[in-house]
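Read the structure below first, then the notes.
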Amino acid sequence: MTINRILSIGILLSSIAILFTGCKPKGPQSVTTSGAAEKVYVAPGQYDEFYNIVSGGFNGQMSIYGLPSGRLFRIIPVFSVFPENGYGFSEESKAMLNTSHGFVPWDDLHHIALSQTNGEHDGRWAFGNANNTPRVGRVDMKTFRTVEILELPNSAGNHSSPFITENSEYIIAGTRFSVPMGENRDVPISSYKKNFKGTLSFISVNPQSGKMNLSFQLVTPGVNFDLSRAGKGPSHGWFFFSCYNTEQAYTLLEVNASQRDKDFILAVNWKKAEEYLKQGKGKKVSNVKYAHNFIDEKTDVATSEMLNEVMQLDIAELKDIAYFIPCPKSPHGCDTDPSGEYIVASGKLAATIPVFSFAKIQKAITDKAYDGDFNGIPIIKYEAALHGEVQKPGLGPLHTEFDASGNAYTSFFVSSEIVKWDVKSLKVLDRVHTYYSIGHLCVPGGPTKKPHGKYVIAYNKITKDRYLPTGPELAQSAQLYSIDGDKMQLLLDFPTVGEPHYAEAIPASLIAPNSTKFYKIEDNKHPYAAKGEKQTKVERKGNQVHVYMTAIRSHLTPDNIEGIKLGDEVYFHVTNLEQDWDVPHGFAVKGAANAEILIMPGETQTLKWKPDDVGVFPFYCTDFCSALHQEMQGYIRVSGTGSNVPITFSTGKIEEEPKGK
Amino acid sequence: MKKIIFSIGIALLFYNCAPDKPKTKEEYPEFDESQTPAPAASQVDPTKGIGIIKEVTLNKPIEQDRVKRGVSIYEMKCSACHKLTDQRLVGPGWKDVTKRRRPEWIMNMVTNVEVMLDKDAEAQKLLELCLTRMPNQNVSIGDARDILEFMRQNDGEK
Amino acid sequence: MNHSLNSVNRILVAFCAVALASAFFTPLWQILMWAPQYPEGLEMKIWINNLTGNVKIISALNHYIGMRTIEVSMFPEFKYMIYIVGVIISIGLITALINKRWTLLMFFISLGAAGLGALIDFYMWGYDYGHNLNPDAPIKVPGMTYQPPLIGTKQLLNFTAFSGPDIGGWIFIAVAWIIFFVFIAEQFFLKPK
């Protein structure tokens, strides 16, 4: 061994060591994509191509964004009060938030379902679920207002909801938590297997009015229902649900509900259930209590009724309504493709994505290709129902949507990416990163028979460094990708409010032309409307004082009110006399313990006010309406309990200054 | 071989720099434009104002059923700003309006207020005086005619 | 073997022995991890008797796939590493002091043995940590194990992991090379007088 050789080996070794450290990778580079700005730029005054109707998660609202710009247009309060426009505070809207537990000012809205006709978007209504106090809400897409809320009895954690059939026959509401129900509700938690049941509520939707009705409930063994989709085309008449916790654990589900290699997809033949109901096999249960709230179409005032009956069918007793299909670990998304033939199940802890075939499921049922049963419900053999598995798609698959060309787009939480794959061949075609940890995704029209395609939007669960920091609490991060070409392309980041879960997107042309501009004052049937200043007045009924007030640019009538006494409840019924688009007025009075009200042209809204002191209190218009907006104000005088100041009211009346005091 | 690789590199470079395909005109939802009728290109008589009302036939005696409807529309949509006397509130009082203005001008002002305030000299004078743009109250042509009849009655016509 | 050292080399040896003391004040080894959700990266620094960095976050993430919580008590090495390094430094100082080539050889061998031993030890820990998984873990990927890389980078599920020397480790390596070259020089170039 010569010295030279020793030296050269030494140098070689050192270079290898340096090389190793050279492998130290850089963090992900920020993705720059050419031409992205142009693709999302909507010039001033131009309109977006799609409405994106996005769930607000823990804010209990829906929010409306434009695509491709990602601009936020509107927040629609559904299950949460909204002081900004008086929802849940005005006398007209309070009843919307009534439940069997009384007035509930908040909920957690996870999923959106847009109404469909023949399996396509019809742009009439948007439905959303309340997760915490189980309810389903309906938003009218003409006015973008919540018009109806139906509570769900025998449900706990309305997560598997709302999903809609292809002609909006039913909205589904599956329980996340199974609970004891009926007479026997005070039971040990450890008696889960024996006493806890799940329910799948079928809410019918009136094809003309949209009015919801809890048609029937299917009672199921105690498991957790996660997500769902209706069948379509050949599979119309069926519903598919993902279930987890088939271990029937009732504590530390993180570990105890993740033990089985396979949980289930539950396939439900609801047409069969309808037949059984017709045959009188349903059981009417009357020990329930649930609220049904809706806006009266004539008066625009919400009313609430309490219902006490529900029709139930037990899927374990009626053998041929429901079938379990094994599905790898803790399935989340359970999505039917546009053809209705394939059902994609995403096990969030699984390493593959199984795709089931509706035709094979039908054959398996005919052939009785079962693998035993689960609490009396047949389990179809995995292989008998399987179209195939997508191999090595990514980590933590959650949810899948589709385009019109036979491609599926699946979100992966753990590996933080969207993976595009071919539904028939199950081949992975493309993958893009999301920033960071995507939850649901949305393709315009993705859950319908005719997806509009063009984009996929990622609703990410982690924001971190995507925007300028705003302390520990951050906006949520959504991302828009183009799916026009073979390669998905990141176009835009846009921040969202609340915590979006699922969202739908719909072409603007299906909604914009029908959008209400104002309410016709002639059609206002509100009991306290003042349709013209001649009808303004102040009326005392015991300790209630009703002020019939009008608002028009730029004065309130009456704007001088006297004769209120301490202990009175004052109701300001404000009618906006304007008859043009975008001239709302607002109303606020000093010391009001609730909120303001916003009154759209032609409508009447009521704010209740309980003065707590004597004196003269100001009220004013809160929505900048005109050049003289700041002049749009008035005074209300509150006198002591025993005072004999008479009720008087006026506008523009100038009196002699009173003598003496 | 090197040359081939080099030229591929160049080609890629150019490919990346190639401009995107021209953006196809996107279709935006169409809105109903009927609310704001197009101003007539050549208005013969400026005292008739601007709008689709060209000729109004007034009958004698005044039509009482029109007056009745006119009153209720006035109370609902107009009275907040217009008094029936000559006193100005937000807008001018209505007393003698039918003597000051042609019936066509009145109806055009009621039904086509945005265009009138932008183009009609008389309407603009009123705006200078009142400093508040008269709002579009979405009054139909028929309703405007009823209001006109009520104005005539208010001005003492029989 | 009993020759004394060249004076430059003697200073170099003394310098190296002193430089090794930096092992008490600087991290020796680092493990860095990146994931799409962690573009800023997570790090774990191994010191002579301690662990620092995002150890808790790493443990919390790893528990999903059944890996144990990383703690200082997991490493008995932390109890005696200071003594080993102390002995090596002493050998270096003695070499400079008594100025004998055989102690130089001992110094070099002890450096090499310590480095090699540390790598073997680290590999064995990594193997155990990456293979010995909790059977009740929520996420079980068939056939997947999570042994961290010995040196260099490795993809582990959604994480890219890197393992390599930190400041103290680099100083150690530099010292080992200097001593190696000093030894070569003494043995082959500087003929004993």
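By convention here, the chains of the structure tokens are called A, B, ... in the order presented, each chain's residues are numbered starting at 1, and ligands are numbered starting at 1 in the order presented.
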Leaving out region 553-567 of chain A and any residue of its chain fewer than 5 positions from it, which residues lie within 9 Å of it when counting only C-alpha atoms, given as a PDB file with N, CA and C atoms, in the first residue's frame?
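Done, and the output landed in selection.pdb:
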ATOM      1  N   GLU A 533     -95.480  55.961   4.527  1.00  0.00           N
ATOM      2  CA  GLU A 533     -95.355  56.692   5.789  1.00  0.00           C
ATOM      3  C   GLU A 533     -96.697  56.938   6.449  1.00  0.00           C
ATOM      4  N   THR A 536     -97.319  54.620   9.269  1.00  0.00           N
ATOM      5  CA  THR A 536     -96.438  54.582  10.444  1.00  0.00           C
ATOM      6  C   THR A 536     -97.220  54.996  11.681  1.00  0.00           C
ATOM      7  N   LYS A 537     -96.901  54.333  12.795  1.00  0.00           N
ATOM      8  CA  LYS A 537     -97.608  54.649  14.037  1.00  0.00           C
ATOM      9  C   LYS A 537     -96.867  54.019  15.203  1.00  0.00           C
ATOM     10  N   VAL A 538     -97.257  54.390  16.409  1.00  0.00           N
ATOM     11  CA  VAL A 538     -96.722  53.782  17.622  1.00  0.00           C
ATOM     12  C   VAL A 538     -97.917  53.331  18.446  1.00  0.00           C
ATOM     13  N   ARG A 540     -99.381  51.124  21.852  1.00  0.00           N
ATOM     14  CA  ARG A 540     -99.091  50.472  23.121  1.00  0.00           C
ATOM     15  C   ARG A 540    -100.061  49.325  23.331  1.00  0.00           C
ATOM     16  N   ASN A 543     -97.454  46.490  28.287  1.00  0.00           N
ATOM     17  CA  ASN A 543     -96.101  47.050  28.366  1.00  0.00           C
ATOM     18  C   ASN A 543     -95.311  46.827  27.077  1.00  0.00           C
ATOM     19  N   VAL A 545     -94.670  48.054  23.293  1.00  0.00           N
ATOM     20  CA  VAL A 545     -94.904  49.179  22.403  1.00  0.00           C
ATOM     21  C   VAL A 545     -94.421  48.789  21.014  1.00  0.00           C
ATOM     22  N   VAL A 547     -93.580  49.972  17.303  1.00  0.00           N
ATOM     23  CA  VAL A 547     -93.301  51.128  16.461  1.00  0.00           C
ATOM     24  C   VAL A 547     -93.329  50.656  15.007  1.00  0.00           C
ATOM     25  N   TYR A 548     -94.296  51.157  14.240  1.00  0.00           N
ATOM     26  CA  TYR A 548     -94.362  50.860  12.806  1.00  0.00           C
ATOM     27  C   TYR A 548     -93.555  51.946  12.122  1.00  0.00           C
ATOM     28  N   VAL A 574     -89.309  47.865  11.283  1.00  0.00           N
ATOM     29  CA  VAL A 574     -88.832  48.821  10.287  1.00  0.00           C
ATOM     30  C   VAL A 574     -89.089  48.276   8.879  1.00  0.00           C
ATOM     31  N   LEU A 577     -88.834  51.209   2.504  1.00  0.00           N
ATOM     32  CA  LEU A 577     -89.744  51.580   1.410  1.00  0.00           C
ATOM     33  C   LEU A 577     -89.055  51.624   0.049  1.00  0.00           C
ATOM     34  N   GLU A 578     -87.739  51.454   0.014  1.00  0.00           N
ATOM     35  CA  GLU A 578     -87.036  51.520  -1.267  1.00  0.00           C
ATOM     36  C   GLU A 578     -87.501  50.381  -2.162  1.00  0.00           C
ATOM     37  N   VAL A 583     -80.345  48.833  -1.991  1.00  0.00           N
ATOM     38  CA  VAL A 583     -80.536  49.976  -1.097  1.00  0.00           C
ATOM     39  C   VAL A 583     -81.060  49.467   0.245  1.00  0.00           C
ATOM     40  N   HIS A 585     -81.403  49.402   4.281  1.00  0.00           N
ATOM     41  CA  HIS A 585     -81.198  50.293   5.407  1.00  0.00           C
ATOM     42  C   HIS A 585     -80.935  49.425   6.625  1.00  0.00           C
ATOM     43  N   LYS A 610     -85.311  46.747  25.061  1.00  0.00           N
ATOM     44  CA  LYS A 610     -85.823  46.945  26.413  1.00  0.00           C
ATOM     45  C   LYS A 610     -84.974  48.022  27.077  1.00  0.00           C
ATOM     46  N   PRO A 611     -85.482  49.265  27.109  1.00  0.00           N
ATOM     47  CA  PRO A 611     -84.670  50.330  27.696  1.00  0.00           C
ATOM     48  C   PRO A 611     -84.438  50.070  29.177  1.00  0.00           C
ATOM     49  N   ASP A 612     -83.240  50.409  29.651  1.00  0.00           N
ATOM     50  CA  ASP A 612     -82.897  50.123  31.047  1.00  0.00           C
ATOM     51  C   ASP A 612     -82.682  51.401  31.849  1.00  0.00           C
ATOM     52  N   ASP A 613     -83.024  52.546  31.265  1.00  0.00           N
ATOM     53  CA  ASP A 613     -82.824  53.801  31.985  1.00  0.00           C
ATOM     54  C   ASP A 613     -83.741  54.852  31.361  1.00  0.00           C
ATOM     55  N   VAL A 614     -84.045  55.872  32.145  1.00  0.00           N
ATOM     56  CA  VAL A 614     -84.800  56.973  31.563  1.00  0.00           C
ATOM     57  C   VAL A 614     -83.836  57.861  30.790  1.00  0.00           C
ATOM     58  N   VAL A 616     -83.215  60.159  26.785  1.00  0.00           N
ATOM     59  CA  VAL A 616     -83.511  60.191  25.350  1.00  0.00           C
ATOM     60  C   VAL A 616     -82.425  59.381  24.649  1.00  0.00           C
ATOM     61  N   PHE A 619     -81.386  56.535  17.792  1.00  0.00           N
ATOM     62  CA  PHE A 619     -81.350  55.392  16.865  1.00  0.00           C
ATOM     63  C   PHE A 619     -80.947  55.931  15.494  1.00  0.00           C
ATOM     64  N   TYR A 620     -80.386  55.052  14.661  1.00  0.00           N
ATOM     65  CA  TYR A 620     -79.898  55.526  13.369  1.00  0.00           C
ATOM     66  C   TYR A 620     -79.791  54.392  12.368  1.00  0.00           C
ATOM     67  N   CYS A 621     -79.635  54.809  11.128  1.00  0.00           N
ATOM     68  CA  CYS A 621     -79.460  53.827  10.038  1.00  0.00           C
ATOM     69  C   CYS A 621     -78.000  53.389  10.017  1.00  0.00           C
ATOM     70  N   CYS A 625     -76.380  54.522   3.135  1.00  0.00           N
ATOM     71  CA  CYS A 625     -77.399  54.408   2.102  1.00  0.00           C
ATOM     72  C   CYS A 625     -77.379  55.547   1.108  1.00  0.00           C
ATOM     73  N   SER A 626     -76.888  56.723   1.523  1.00  0.00           N
ATOM     74  CA  SER A 626     -76.977  57.874   0.632  1.00  0.00           C
ATOM     75  C   SER A 626     -76.040  58.951   1.153  1.00  0.00           C
ATOM     76  N   ALA A 627     -75.994  60.051   0.419  1.00  0.00           N
ATOM     77  CA  ALA A 627     -75.138  61.165   0.823  1.00  0.00           C
ATOM     78  C   ALA A 627     -75.578  61.705   2.175  1.00  0.00           C
ATOM     79  N   LEU A 628     -76.859  61.524   2.496  1.00  0.00           N
ATOM     80  CA  LEU A 628     -77.376  62.045   3.759  1.00  0.00           C
ATOM     81  C   LEU A 628     -77.598  60.922   4.776  1.00  0.00           C
ATOM     82  N   HIS A 629     -76.847  59.836   4.592  1.00  0.00           N
ATOM     83  CA  HIS A 629     -76.960  58.694   5.503  1.00  0.00           C
ATOM     84  C   HIS A 629     -76.715  59.112   6.943  1.00  0.00           C
ATOM     85  N   GLN A 630     -75.735  59.955   7.145  1.00  0.00           N
ATOM     86  CA  GLN A 630     -75.368  60.354   8.493  1.00  0.00           C
ATOM     87  C   GLN A 630     -76.478  61.202   9.140  1.00  0.00           C
ATOM     88  N   GLU A 631     -77.410  61.700   8.311  1.00  0.00           N
ATOM     89  CA  GLU A 631     -78.553  62.452   8.835  1.00  0.00           C
ATOM     90  C   GLU A 631     -79.718  61.534   9.171  1.00  0.00           C
ATOM     91  N   MET A 632     -79.602  60.251   8.812  1.00  0.00           N
ATOM     92  CA  MET A 632     -80.732  59.333   8.962  1.00  0.00           C
ATOM     93  C   MET A 632     -80.747  58.821  10.404  1.00  0.00           C
ATOM     94  N   GLN A 633     -81.405  59.560  11.255  1.00  0.00           N
ATOM     95  CA  GLN A 633     -81.345  59.259  12.677  1.00  0.00           C
ATOM     96  C   GLN A 633     -82.608  59.725  13.369  1.00  0.00           C
ATOM     97  N   GLY A 634     -82.756  59.379  14.656  1.00  0.00           N
ATOM     98  CA  GLY A 634     -83.931  59.823  15.401  1.00  0.00           C
ATOM     99  C   GLY A 634     -83.699  59.663  16.893  1.00  0.00           C
ATOM    100  N   TYR A 635     -84.719  60.104  17.681  1.00  0.00           N
ATOM    101  CA  TYR A 635     -84.647  60.027  19.142  1.00  0.00           C
ATOM    102  C   TYR A 635     -85.867  59.321  19.671  1.00  0.00           C
ATOM    103  N   ILE A 636     -85.672  58.554  20.742  1.00  0.00           N
ATOM    104  CA  ILE A 636     -86.810  57.974  21.452  1.00  0.00           C
ATOM    105  C   ILE A 636     -86.638  58.329  22.926  1.00  0.00           C
ATOM    106  N   ARG A 637     -87.732  58.834  23.519  1.00  0.00           N
ATOM    107  CA  ARG A 637     -87.665  59.312  24.898  1.00  0.00           C
ATOM    108  C   ARG A 637     -88.223  58.230  25.818  1.00  0.00           C
ATOM    109  N   VAL A 638     -87.478  57.899  26.865  1.00  0.00           N
ATOM    110  CA  VAL A 638     -87.912  56.909  27.851  1.00  0.00           C
ATOM    111  C   VAL A 638     -88.155  57.633  29.171  1.00  0.00           C
ATOM    112  N   SER A 639     -89.371  57.484  29.702  1.00  0.00           N
ATOM    113  CA  SER A 639     -89.730  58.150  30.951  1.00  0.00           C
ATOM    114  C   SER A 639     -89.816  57.120  32.067  1.00  0.00           C
ATOM    115  N   GLY A 640     -89.965  57.618  33.295  1.00  0.00           N
ATOM    116  CA  GLY A 640     -90.039  56.728  34.458  1.00  0.00           C
ATOM    117  C   GLY A 640     -91.295  55.871  34.442  1.00  0.00           C
ATOM    118  N   THR A 641     -91.311  54.854  35.274  1.00  0.00           N
ATOM    119  CA  THR A 641     -92.399  53.871  35.286  1.00  0.00           C
ATOM    120  C   THR A 641     -93.771  54.534  35.458  1.00  0.00           C
ATOM    121  N   GLY A 642     -93.854  55.485  36.381  1.00  0.00           N
ATOM    122  CA  GLY A 642     -95.163  56.070  36.656  1.00  0.00           C
ATOM    123  C   GLY A 642     -95.486  57.295  35.829  1.00  0.00           C
ATOM    124  N   SER A 643     -94.685  57.577  34.845  1.00  0.00           N
ATOM    125  CA  SER A 643     -94.852  58.835  34.111  1.00  0.00           C
ATOM    126  C   SER A 643     -96.148  58.859  33.312  1.00  0.00           C
ATOM    127  N   ASN A 644     -96.641  60.090  33.057  1.00  0.00           N
ATOM    128  CA  ASN A 644     -97.868  60.191  32.262  1.00  0.00           C
ATOM    129  C   ASN A 644     -97.616  60.875  30.926  1.00  0.00           C
ATOM    130  N   VAL A 645     -96.370  60.757  30.426  1.00  0.00           N
ATOM    131  CA  VAL A 645     -96.070  61.287  29.086  1.00  0.00           C
ATOM    132  C   VAL A 645     -96.843  60.441  28.074  1.00  0.00           C
ATOM    133  N   PRO A 646     -97.678  61.064  27.240  1.00  0.00           N
ATOM    134  CA  PRO A 646     -98.459  60.264  26.296  1.00  0.00           C
ATOM    135  C   PRO A 646     -97.585  59.790  25.131  1.00  0.00           C
ATOM    136  N   ILE A 647     -98.067  58.742  24.495  1.00  0.00           N
ATOM    137  CA  ILE A 647     -97.386  58.258  23.290  1.00  0.00           C
ATOM    138  C   ILE A 647     -97.552  59.292  22.188  1.00  0.00           C
ATOM    139  N   THR A 648     -96.480  59.800  21.687  1.00  0.00           N
ATOM    140  CA  THR A 648     -96.535  60.684  20.520  1.00  0.00           C
ATOM    141  C   THR A 648     -95.407  60.290  19.584  1.00  0.00           C
ATOM    142  N   PHE A 649     -95.580  60.608  18.325  1.00  0.00           N
ATOM    143  CA  PHE A 649     -94.543  60.289  17.346  1.00  0.00           C
ATOM    144  C   PHE A 649     -94.685  61.214  16.155  1.00  0.00           C
ATOM    145  N   SER A 650     -93.588  61.539  15.542  1.00  0.00           N
ATOM    146  CA  SER A 650     -93.656  62.454  14.406  1.00  0.00           C
ATOM    147  C   SER A 650     -92.363  62.399  13.619  1.00  0.00           C
ATOM    148  N   THR A 651     -92.415  63.016  12.445  1.00  0.00           N
ATOM    149  CA  THR A 651     -91.207  63.248  11.655  1.00  0.00           C
ATOM    150  C   THR A 651     -91.333  64.641  11.058  1.00  0.00           C
ATOM    151  N   GLY A 652     -90.317  65.415  11.142  1.00  0.00           N
ATOM    152  CA  GLY A 652     -90.315  66.722  10.502  1.00  0.00           C
ATOM    153  C   GLY A 652     -91.207  67.728  11.183  1.00  0.00           C
ATOM    154  N   LYS A 653     -91.685  67.411  12.387  1.00  0.00           N
ATOM    155  CA  LYS A 653     -92.562  68.335  13.092  1.00  0.00           C
ATOM    156  C   LYS A 653     -91.710  69.125  14.083  1.00  0.00           C
TER     157      LYS A 653
ATOM    158  N   ALA B  80     -93.082  59.407   1.325  1.00  0.00           N
ATOM    159  CA  ALA B  80     -91.972  59.622   2.246  1.00  0.00           C
ATOM    160  C   ALA B  80     -91.151  60.840   1.841  1.00  0.00           C
ATOM    161  N   CYS B  81     -91.201  61.220   0.568  1.00  0.00           N
ATOM    162  CA  CYS B  81     -90.361  62.321   0.110  1.00  0.00           C
ATOM    163  C   CYS B  81     -91.138  63.476  -0.525  1.00  0.00           C
ATOM    164  N   VAL B  90     -88.049  65.936   0.922  1.00  0.00           N
ATOM    165  CA  VAL B  90     -86.811  65.458   0.296  1.00  0.00           C
ATOM    166  C   VAL B  90     -86.838  65.866  -1.175  1.00  0.00           C
ATOM    167  N   THR B 132     -80.664  65.202  -3.441  1.00  0.00           N
ATOM    168  CA  THR B 132     -80.861  63.765  -3.239  1.00  0.00           C
ATOM    169  C   THR B 132     -81.391  63.182  -4.540  1.00  0.00           C
ATOM    170  N   MET B 134     -83.469  61.067  -6.803  1.00  0.00           N
ATOM    171  CA  MET B 134     -84.731  60.353  -6.610  1.00  0.00           C
ATOM    172  C   MET B 134     -84.486  58.862  -6.868  1.00  0.00           C
ATOM    173  N   PRO B 135     -84.904  57.999  -5.909  1.00  0.00           N
ATOM    174  CA  PRO B 135     -84.649  56.565  -6.113  1.00  0.00           C
ATOM    175  C   PRO B 135     -85.593  55.970  -7.149  1.00  0.00           C
TER     176      PRO B 135
END
* Within 9 Å of chain B: residues of chain A, using only C-alpha atoms, as a VMD selection string -> chain A and resid 34 to 35 38 to 39 46 to 49 507 to 514 520 to 522 530 to 535 550 to 555 557 577 to 581 626 to 628 652
Please save N, CA and C atoms of the selected residues as a CSV table (one decimal), in the first residue's frame.
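again-v2.csv, freshly written:
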chain,number,residue,atom,x,y,z
A,34,SER,N,-46.8,28.8,-14.6
A,34,SER,CA,-46.9,29.8,-15.6
A,34,SER,C,-48.3,30.1,-16.0
A,35,GLY,N,-48.7,31.3,-16.2
A,35,GLY,CA,-50.0,31.6,-16.7
A,35,GLY,C,-51.1,31.5,-15.7
A,38,GLU,N,-53.3,34.8,-15.1
A,38,GLU,CA,-54.3,35.0,-16.2
A,38,GLU,C,-55.6,34.2,-16.0
A,39,LYS,N,-55.3,32.9,-15.6
A,39,LYS,CA,-56.5,32.0,-15.5
A,39,LYS,C,-57.4,32.3,-14.3
A,46,GLN,N,-66.2,42.4,-14.1
A,46,GLN,CA,-66.6,41.1,-14.8
A,46,GLN,C,-67.0,40.1,-13.7
A,47,TYR,N,-67.8,39.1,-14.2
A,47,TYR,CA,-68.3,38.1,-13.2
A,47,TYR,C,-67.5,36.8,-13.2
A,48,ASP,N,-67.5,36.1,-12.1
A,48,ASP,CA,-66.9,34.8,-12.0
A,48,ASP,C,-67.8,33.8,-12.8
A,49,GLU,N,-67.1,32.7,-13.1
A,49,GLU,CA,-67.8,31.7,-13.9
A,49,GLU,C,-68.7,30.8,-13.0
A,507,PRO,N,-72.3,26.4,-12.0
A,507,PRO,CA,-72.2,27.5,-12.9
A,507,PRO,C,-73.0,28.7,-12.5
A,508,ALA,N,-72.5,29.9,-12.7
A,508,ALA,CA,-73.2,31.1,-12.3
A,508,ALA,C,-74.5,31.3,-13.1
A,509,SER,N,-74.5,30.8,-14.3
A,509,SER,CA,-75.7,30.9,-15.2
A,509,SER,C,-76.9,30.2,-14.6
A,510,LEU,N,-76.7,29.3,-13.7
A,510,LEU,CA,-77.8,28.6,-13.1
A,510,LEU,C,-78.4,29.3,-11.9
A,511,ILE,N,-77.7,30.3,-11.4
A,511,ILE,CA,-78.2,31.0,-10.2
A,511,ILE,C,-78.4,32.5,-10.4
A,512,ALA,N,-77.4,33.1,-11.1
A,512,ALA,CA,-77.4,34.6,-11.1
A,512,ALA,C,-78.7,35.2,-11.8
A,513,PRO,N,-79.2,34.6,-12.9
A,513,PRO,CA,-80.3,35.3,-13.5
A,513,PRO,C,-81.6,35.3,-12.6
A,514,ASN,N,-81.6,34.3,-11.6
A,514,ASN,CA,-82.8,34.2,-10.8
A,514,ASN,C,-82.7,35.0,-9.5
A,520,LYS,N,-90.9,43.1,-3.4
A,520,LYS,CA,-91.9,44.0,-3.9
A,520,LYS,C,-92.7,44.5,-2.7
A,521,ILE,N,-92.8,45.8,-2.4
A,521,ILE,CA,-93.5,46.3,-1.3
A,521,ILE,C,-94.9,45.9,-1.3
A,522,GLU,N,-95.5,45.8,-2.6
A,522,GLU,CA,-96.9,45.5,-2.7
A,522,GLU,C,-97.2,44.1,-2.1
A,530,ALA,N,-95.3,48.8,7.6
A,530,ALA,CA,-95.9,50.1,7.3
A,530,ALA,C,-95.6,50.4,5.8
A,531,LYS,N,-96.6,50.1,5.0
A,531,LYS,CA,-96.3,50.3,3.5
A,531,LYS,C,-96.6,51.7,3.1
A,532,GLY,N,-95.7,52.6,3.5
A,532,GLY,CA,-95.9,54.0,3.2
A,532,GLY,C,-95.9,54.7,4.6
A,533,GLU,N,-95.5,56.0,4.5
A,533,GLU,CA,-95.4,56.7,5.8
A,533,GLU,C,-96.7,56.9,6.4
A,534,LYS,N,-97.8,56.9,5.7
A,534,LYS,CA,-99.1,57.1,6.2
A,534,LYS,C,-99.4,56.0,7.2
A,535,GLN,N,-98.8,54.9,7.0
A,535,GLN,CA,-99.2,53.7,7.9
A,535,GLN,C,-98.3,53.7,9.2
A,550,THR,N,-90.9,53.4,9.0
A,550,THR,CA,-90.4,53.3,7.6
A,550,THR,C,-89.0,53.9,7.5
A,551,ALA,N,-88.3,53.3,6.5
A,551,ALA,CA,-87.0,53.9,6.2
A,551,ALA,C,-86.9,54.1,4.7
A,552,ILE,N,-86.5,55.3,4.3
A,552,ILE,CA,-86.2,55.6,2.9
A,552,ILE,C,-85.2,56.7,2.9
A,553,ARG,N,-84.3,56.7,1.8
A,553,ARG,CA,-83.3,57.7,1.8
A,553,ARG,C,-83.9,59.1,2.0
A,554,SER,N,-83.5,59.9,3.0
A,554,SER,CA,-82.6,59.5,4.1
A,554,SER,C,-83.3,59.9,5.4
A,555,HIS,N,-84.4,59.3,5.7
A,555,HIS,CA,-85.0,59.5,7.0
A,555,HIS,C,-85.8,58.3,7.5
A,557,THR,N,-89.2,57.2,9.7
A,557,THR,CA,-90.4,57.8,10.1
A,557,THR,C,-91.1,56.8,11.1
A,577,LEU,N,-88.8,51.2,2.5
A,577,LEU,CA,-89.7,51.6,1.4
A,577,LEU,C,-89.1,51.6,0.0
A,578,GLU,N,-87.7,51.5,0.0
A,578,GLU,CA,-87.0,51.5,-1.3
A,578,GLU,C,-87.5,50.4,-2.2
A,579,GLN,N,-87.5,50.6,-3.5
A,579,GLN,CA,-87.8,49.6,-4.4
A,579,GLN,C,-86.8,49.5,-5.5
A,580,ASP,N,-85.5,49.5,-5.1
A,580,ASP,CA,-84.4,49.4,-6.0
A,580,ASP,C,-83.4,48.4,-5.5
A,581,TRP,N,-82.6,47.9,-6.4
A,581,TRP,CA,-81.5,46.9,-6.0
A,581,TRP,C,-80.5,47.6,-5.1
A,626,SER,N,-76.9,56.7,1.5
A,626,SER,CA,-77.0,57.9,0.6
A,626,SER,C,-76.0,59.0,1.2
A,627,ALA,N,-76.0,60.1,0.4
A,627,ALA,CA,-75.1,61.2,0.8
A,627,ALA,C,-75.6,61.7,2.2
A,628,LEU,N,-76.9,61.5,2.5
A,628,LEU,CA,-77.4,62.0,3.8
A,628,LEU,C,-77.6,60.9,4.8
A,652,GLY,N,-90.3,65.4,11.1
A,652,GLY,CA,-90.3,66.7,10.5
A,652,GLY,C,-91.2,67.7,11.2
* To do: Using backbone DSSP assignments, extract all strand (DSSP E or B) residues from chain C; output them as number ranges by chain.
  => C: 29-35, 38-46, 51-53, 152-156, 159-165
* Pick out the residues sitting within 10 Å of region 30-46 of chain C, and hand them over as number ranges by chain; count only C-alpha atoms, and ignore anything fewer than 5 positions along from it in its own chain. => A: 24-30, 413-417, 433-438, 461-465; C: 51-58, 72, 78, 148-169
* To do: From the DSSP assignment of the backbone, select every residue of region 61-149 of chain B that is alpha helix (DSSP H), and format the answer as a PyMOL selection string.
  => chain B and resi 64-73+97-100+103-111+113-119+121-130+141-149
* Record the distance separating CA of Gly49 (chain B) and CA of Asp96 (chain B), expressed in Å with one decimal. => 17.7 Å
* Asked: Using only C-alpha atoms, which residue out of C:Thr145, C:Thr103, C:Ser110, C:Gln187 lies closest to chain A?
  ->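 Residue with the minimum atom-to-atom distance to chain A: C:Gln187.
One distance worth recording is that between CA of Leu395 (chain A) and CA of Ser242 (chain A), which is 18.3 Å.
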